[in-house]
Amino acid sequence: MLDEALRLENVSLAYNDLVGNMFSQPQAVSFFKDREEDEQKELMRNVNLQVKRGETICIGGGSGQGKSALLRIIAGLVRPSRGNVYYFGEYIPPERLTALEVAKRQVGLVFQNGALISNLRVIDNIALPLRYHKMGNESEINEKVKMAMDLMRVREEASLFPHQLSVGMQKRVAIARSWAMDPKILLMDEPTAGLDNYNRRNLLPLIDNMRKLFKTTIIIVTHDLLMTRELNCDICFLHRKTLTEPHSFDYWLNSDSEISRELFRDFNANQSPNF
């Protein structure tokens with residue numbers, strides 16, 4: 001489909017395949033497992049998701065349900081035990097589903113902790129991947145970095161080191177670094193985690209600008225359910241090892257589903273959920 005950015009078909013992940021840290025070499029896929037025994041050990045099973053170009057979608061769910069693991073599958077950092085993954089209509093077979101192959105398709109990832117390089121200033125943190133991948137000469141790289149800093153409003157912090165920044169500012173710099181790589185799909189893991197209300201309110205419009213101005217496809221893993229209403233996007237939930245259909249915040253708020261009863265029960269006019 002011409003307007004399709006990402007498609008997951010029957011993606012499953014066993015705990016045994018989620019090993020080491022997020023940069024570990026994915027394990028080989030085994031096709032000779034006992035299915036019943038395997039399903040009992042699965043973190044997620046038969047996950048399906050389709051995201052259109054320029055769409056923003058959130059993935060929610062209780063702690064330990066596998067949200068971040070799903071994001072790492074999409075980023076190529078973890079190989080699924082079973083299932084198919086398509087980027088812009090292109091199928092990548094399991095043996096080629098690596099971070100490098102996914103990055104070639106302009107998929108970027110913003111880690112929850114920002115993962116900034118502590119001994120590099122803001123401007124050099126943002127420029128580092130551009131220089132590493134030789135994405136232009138120094139003049140072109142500097143121009144991309146300036147645009148990224150302006151988009152995320154961190155130009156005044158260009159000469160500072162990460163430890164001199166607030167948590168909110170570190171998140172902005174991390175997003176600027178990923179955006180400078182011109183991602184067609186941007187994956188974000190808990191972008192508002194640890195932020196106070198002021199920094200959260202400032203960050204969300206900046207994220208939305210990427211979609212409005214540059215048609216970036218954005219997939220966000222979050223506990224911050226109100227984000228979906230503020231970004232006017234749908235949210236789906238990893239629940240009981242599978243992924244629900246995406247719906248709006250108001251749909252889930254007014255639904256009588258098990259998910260709504262568990263995750264939306266604390267909502268009222270002035271209160272957000274805590275789980």
# chains A, B, ... in the order shown; residues from 1 in each chain; ligands from 1
call {"tool": "residues_around", "arguments": {"residues": "region 155-161 of chain A", "least_positions_apart": "6", "cutoff": "9 Å", "atoms": "only C-alpha atoms", "output": "ChimeraX atom specification"}}
result
/A:117-124,146,148-149,169
call {"tool": "residues_around", "arguments": {"residues": "Glu4 (chain A)", "least_positions_apart": "5", "cutoff": "7 Å", "atoms": "only C-alpha atoms", "output": "PyMOL selection string"}}
result
chain A and resi 51-53+88-89
call {"tool": "residues_around", "arguments": {"residues": "Ser68 (chain A)", "least_positions_apart": "3", "cutoff": "7 Å", "atoms": "only C-alpha atoms", "output": "PyMOL selection string"}}
result
chain A and resi 71-72+189+221
call {"tool": "select_by_dssp", "arguments": {"residues": "region 104-146 of chain A", "states": "strand (DSSP E)", "output": "list in words"}}
result
Val107, Gly108, Leu109 and Val110 of chain A
call {"tool": "write_last_selection", "arguments": {"atoms": "N, CA, C and O atoms", "output": "CSV table (one decimal), in the first residue's frame"}}
result
chain,number,residue,atom,x,y,z
A,107,VAL,N,14.4,4.7,9.8
A,107,VAL,CA,13.6,4.5,11.0
A,107,VAL,C,14.5,4.9,12.2
A,107,VAL,O,15.6,4.4,12.3
A,108,GLY,N,14.1,5.9,13.0
A,108,GLY,CA,14.9,6.4,14.1
A,108,GLY,C,14.2,6.0,15.4
A,108,GLY,O,13.0,5.8,15.5
A,109,LEU,N,15.1,5.9,16.5
A,109,LEU,CA,14.6,5.6,17.8
A,109,LEU,C,15.1,6.5,18.8
A,109,LEU,O,16.3,6.8,18.9
A,110,VAL,N,14.2,7.0,19.7
A,110,VAL,CA,14.6,7.9,20.8
A,110,VAL,C,14.4,7.1,22.1
A,110,VAL,O,13.3,6.7,22.4
call {"tool": "residues_around", "arguments": {"residues": "Cys58 (chain A)", "least_positions_apart": "6", "cutoff": "9 Å", "atoms": "only C-alpha atoms", "output": "JSON, numbers by chain"}}
result
{"A": [218, 219, 220, 221, 222, 225, 227, 228, 233, 234, 235, 236, 237, 246]}
call {"tool": "write_last_selection", "arguments": {"atoms": "all heavy atoms", "output": "compact mmCIF listing (two decimals), in the first residue's frame"}}
result
# COMPACT_ATOMS: atom_id res chain seq x y z
N ILE A 218 5.07 8.72 13.48
CA ILE A 218 5.57 8.69 14.86
C ILE A 218 4.84 7.58 15.62
O ILE A 218 3.61 7.53 15.64
CB ILE A 218 5.36 10.04 15.56
CG1 ILE A 218 6.05 11.16 14.77
CG2 ILE A 218 5.91 10.00 16.99
CD1 ILE A 218 5.76 12.56 15.30
N ILE A 219 5.62 6.70 16.25
CA ILE A 219 5.07 5.62 17.08
C ILE A 219 5.63 5.81 18.48
O ILE A 219 6.85 5.80 18.67
CB ILE A 219 5.45 4.24 16.52
CG1 ILE A 219 4.93 4.11 15.08
CG2 ILE A 219 4.87 3.13 17.41
CD1 ILE A 219 5.38 2.84 14.39
N ILE A 220 4.74 5.98 19.45
CA ILE A 220 5.14 6.33 20.81
C ILE A 220 4.68 5.27 21.79
O ILE A 220 3.49 4.94 21.85
CB ILE A 220 4.53 7.69 21.22
CG1 ILE A 220 4.94 8.80 20.25
CG2 ILE A 220 4.96 8.06 22.65
CD1 ILE A 220 4.22 10.12 20.49
N VAL A 221 5.61 4.73 22.55
CA VAL A 221 5.26 3.88 23.70
C VAL A 221 5.12 4.78 24.91
O VAL A 221 6.00 5.60 25.18
CB VAL A 221 6.35 2.81 23.94
CG1 VAL A 221 6.29 2.29 25.36
CG2 VAL A 221 6.19 1.67 22.95
N THR A 222 4.00 4.65 25.63
CA THR A 222 3.77 5.60 26.72
C THR A 222 2.84 5.06 27.79
O THR A 222 1.96 4.24 27.52
CB THR A 222 3.19 6.92 26.16
OG1 THR A 222 3.05 7.87 27.21
CG2 THR A 222 1.83 6.69 25.52
N LEU A 225 -1.42 8.40 29.09
CA LEU A 225 -2.57 8.20 28.21
C LEU A 225 -3.17 9.50 27.71
O LEU A 225 -3.69 9.56 26.61
CB LEU A 225 -3.63 7.36 28.94
CG LEU A 225 -3.16 5.98 29.43
CD1 LEU A 225 -4.33 5.22 30.02
CD2 LEU A 225 -2.51 5.18 28.32
N MET A 227 -1.68 11.91 26.62
CA MET A 227 -0.92 12.34 25.45
C MET A 227 -1.70 12.09 24.17
O MET A 227 -1.67 12.88 23.23
CB MET A 227 0.41 11.61 25.40
CG MET A 227 1.26 11.94 24.18
SD MET A 227 2.65 10.79 23.97
CE MET A 227 3.53 11.05 25.49
N THR A 228 -2.43 10.96 24.13
CA THR A 228 -3.14 10.62 22.90
C THR A 228 -4.25 11.62 22.59
O THR A 228 -4.50 11.93 21.43
CB THR A 228 -3.74 9.20 23.01
OG1 THR A 228 -4.70 9.16 24.07
CG2 THR A 228 -2.66 8.20 23.32
N CYS A 233 -4.40 11.55 18.49
CA CYS A 233 -4.03 10.32 17.81
C CYS A 233 -4.67 9.13 18.52
O CYS A 233 -5.19 9.25 19.63
CB CYS A 233 -2.51 10.16 17.75
SG CYS A 233 -1.73 9.88 19.37
N ASP A 234 -4.62 7.98 17.87
CA ASP A 234 -5.18 6.76 18.45
C ASP A 234 -4.14 6.08 19.33
O ASP A 234 -2.93 6.31 19.21
CB ASP A 234 -5.62 5.80 17.34
CG ASP A 234 -6.90 6.26 16.67
OD1 ASP A 234 -7.60 7.14 17.23
OD2 ASP A 234 -7.20 5.74 15.57
N ILE A 235 -4.64 5.19 20.19
CA ILE A 235 -3.77 4.39 21.03
C ILE A 235 -4.25 2.94 21.00
O ILE A 235 -5.46 2.68 20.98
CB ILE A 235 -3.72 4.92 22.48
CG1 ILE A 235 -2.73 4.11 23.33
CG2 ILE A 235 -5.10 4.94 23.12
CD1 ILE A 235 -2.43 4.74 24.68
N CYS A 236 -3.30 2.02 20.96
CA CYS A 236 -3.61 0.60 21.09
C CYS A 236 -2.87 0.07 22.31
O CYS A 236 -1.92 0.71 22.80
CB CYS A 236 -3.23 -0.19 19.83
SG CYS A 236 -1.56 0.12 19.23
N PHE A 237 -3.27 -1.07 22.83
CA PHE A 237 -2.73 -1.56 24.08
C PHE A 237 -2.20 -2.98 23.93
O PHE A 237 -2.86 -3.85 23.33
CB PHE A 237 -3.80 -1.55 25.18
CG PHE A 237 -4.20 -0.17 25.61
CD1 PHE A 237 -5.26 0.48 24.99
CD2 PHE A 237 -3.50 0.49 26.60
CE1 PHE A 237 -5.63 1.75 25.38
CE2 PHE A 237 -3.85 1.77 27.00
CZ PHE A 237 -4.92 2.41 26.39
N PRO A 246 -6.34 -0.03 17.40
CA PRO A 246 -6.18 1.35 17.86
C PRO A 246 -7.49 2.12 17.86
O PRO A 246 -8.29 1.99 16.94
CB PRO A 246 -5.19 1.95 16.85
CG PRO A 246 -5.36 1.13 15.61
CD PRO A 246 -5.75 -0.25 16.06
call {"tool": "closest_residue", "arguments": {"among": "A:Thr217, A:Leu226, A:Ser139, A:Ala127", "to": "Met181 (chain A)", "atoms": "only C-alpha atoms"}}
result
A:Ala127
call {"tool": "residues_around", "arguments": {"residues": "region 39-50 of chain A", "least_positions_apart": "5", "cutoff": "8 Å", "atoms": "only C-alpha atoms", "output": "VMD selection string"}}
result
chain A and resid 4 to 16 65 to 66 83 240 to 243 245
call {"tool": "select_by_dssp", "arguments": {"residues": "region 48-240 of chain A", "states": "alpha helix (DSSP H)", "output": "ChimeraX atom specification"}}
result
/A:67-75,99-104,122-132,138-151,167-180,197-214,226-230
call {"tool": "write_last_selection", "arguments": {"atoms": "C-alpha atoms", "output": "CSV table (one decimal), in the first residue's frame"}}
result
chain,number,residue,atom,x,y,z
A,67,LYS,CA,5.7,-2.3,25.1
A,68,SER,CA,9.4,-1.4,24.9
A,69,ALA,CA,10.2,-4.8,23.5
A,70,LEU,CA,7.7,-4.2,20.7
A,71,LEU,CA,9.4,-0.9,19.9
A,72,ARG,CA,12.8,-2.6,19.8
A,73,ILE,CA,11.4,-5.2,17.4
A,74,ILE,CA,10.3,-2.4,15.1
A,75,ALA,CA,13.7,-0.7,15.4
A,99,ALA,CA,19.1,-2.4,13.4
A,100,LEU,CA,21.3,-1.5,10.4
A,101,GLU,CA,18.8,-2.8,7.9
A,102,VAL,CA,16.0,-1.0,9.6
A,103,ALA,CA,18.0,2.3,9.9
A,104,LYS,CA,18.6,2.1,6.1
A,122,VAL,CA,24.6,19.4,22.6
A,123,ILE,CA,25.6,20.4,19.1
A,124,ASP,CA,28.1,17.5,18.8
A,125,ASN,CA,25.6,15.0,20.2
A,126,ILE,CA,23.2,15.9,17.5
A,127,ALA,CA,25.9,16.0,14.8
A,128,LEU,CA,27.5,12.7,15.8
A,129,PRO,CA,25.3,10.2,13.8
A,130,LEU,CA,25.3,12.5,10.8
A,131,ARG,CA,29.1,12.5,10.8
A,132,TYR,CA,29.3,8.8,11.5
A,138,GLU,CA,30.5,19.6,7.4
A,139,SER,CA,28.6,22.6,6.1
A,140,GLU,CA,25.5,20.5,5.3
A,141,ILE,CA,25.7,18.7,8.6
A,142,ASN,CA,25.9,22.0,10.5
A,143,GLU,CA,22.8,23.2,8.7
A,144,LYS,CA,20.9,20.0,9.6
A,145,VAL,CA,21.9,20.3,13.2
A,146,LYS,CA,20.7,23.9,13.3
A,147,MET,CA,17.4,23.0,11.9
A,148,ALA,CA,17.0,20.2,14.4
A,149,MET,CA,17.9,22.5,17.3
A,150,ASP,CA,15.4,25.1,16.1
A,151,LEU,CA,12.7,22.5,15.7
A,167,VAL,CA,15.6,16.0,32.0
A,168,GLY,CA,13.1,17.8,29.7
A,169,MET,CA,15.9,19.5,27.8
A,170,GLN,CA,17.8,16.2,27.5
A,171,LYS,CA,14.7,14.6,25.9
A,172,ARG,CA,14.5,17.5,23.4
A,173,VAL,CA,18.1,17.0,22.4
A,174,ALA,CA,17.6,13.3,22.0
A,175,ILE,CA,14.7,13.9,19.7
A,176,ALA,CA,16.6,16.5,17.8
A,177,ARG,CA,19.4,14.1,17.2
A,178,SER,CA,17.1,11.5,15.8
A,179,TRP,CA,15.2,14.0,13.7
A,180,ALA,CA,18.4,15.3,12.2
A,197,ASN,CA,3.8,19.4,33.8
A,198,TYR,CA,5.6,22.5,32.4
A,199,ASN,CA,8.2,20.5,30.4
A,200,ARG,CA,5.5,18.0,29.3
A,201,ARG,CA,3.3,20.8,27.9
A,202,ASN,CA,6.2,22.3,26.0
A,203,LEU,CA,7.4,19.0,24.6
A,204,LEU,CA,4.1,17.6,23.1
A,205,PRO,CA,3.6,20.5,20.6
A,206,LEU,CA,7.1,20.1,19.4
A,207,ILE,CA,6.5,16.4,18.8
A,208,ASP,CA,3.3,17.2,16.9
A,209,ASN,CA,5.1,19.7,14.7
A,210,MET,CA,7.2,16.8,13.2
A,211,ARG,CA,4.0,15.2,12.0
A,212,LYS,CA,2.4,18.5,10.8
A,213,LEU,CA,5.4,20.1,9.1
A,214,PHE,CA,7.4,17.0,7.9
A,226,LEU,CA,-3.6,11.8,28.1
A,227,MET,CA,-0.9,12.3,25.5
A,228,THR,CA,-3.1,10.6,22.9
A,229,ARG,CA,-5.9,13.2,23.4
A,230,GLU,CA,-3.5,16.1,23.2
call {"tool": "atom_distance", "arguments": {"atom1": "CA of Thr244 (chain A)", "atom2": "CA of Asp256 (chain A)"}}
result
14.3 Å
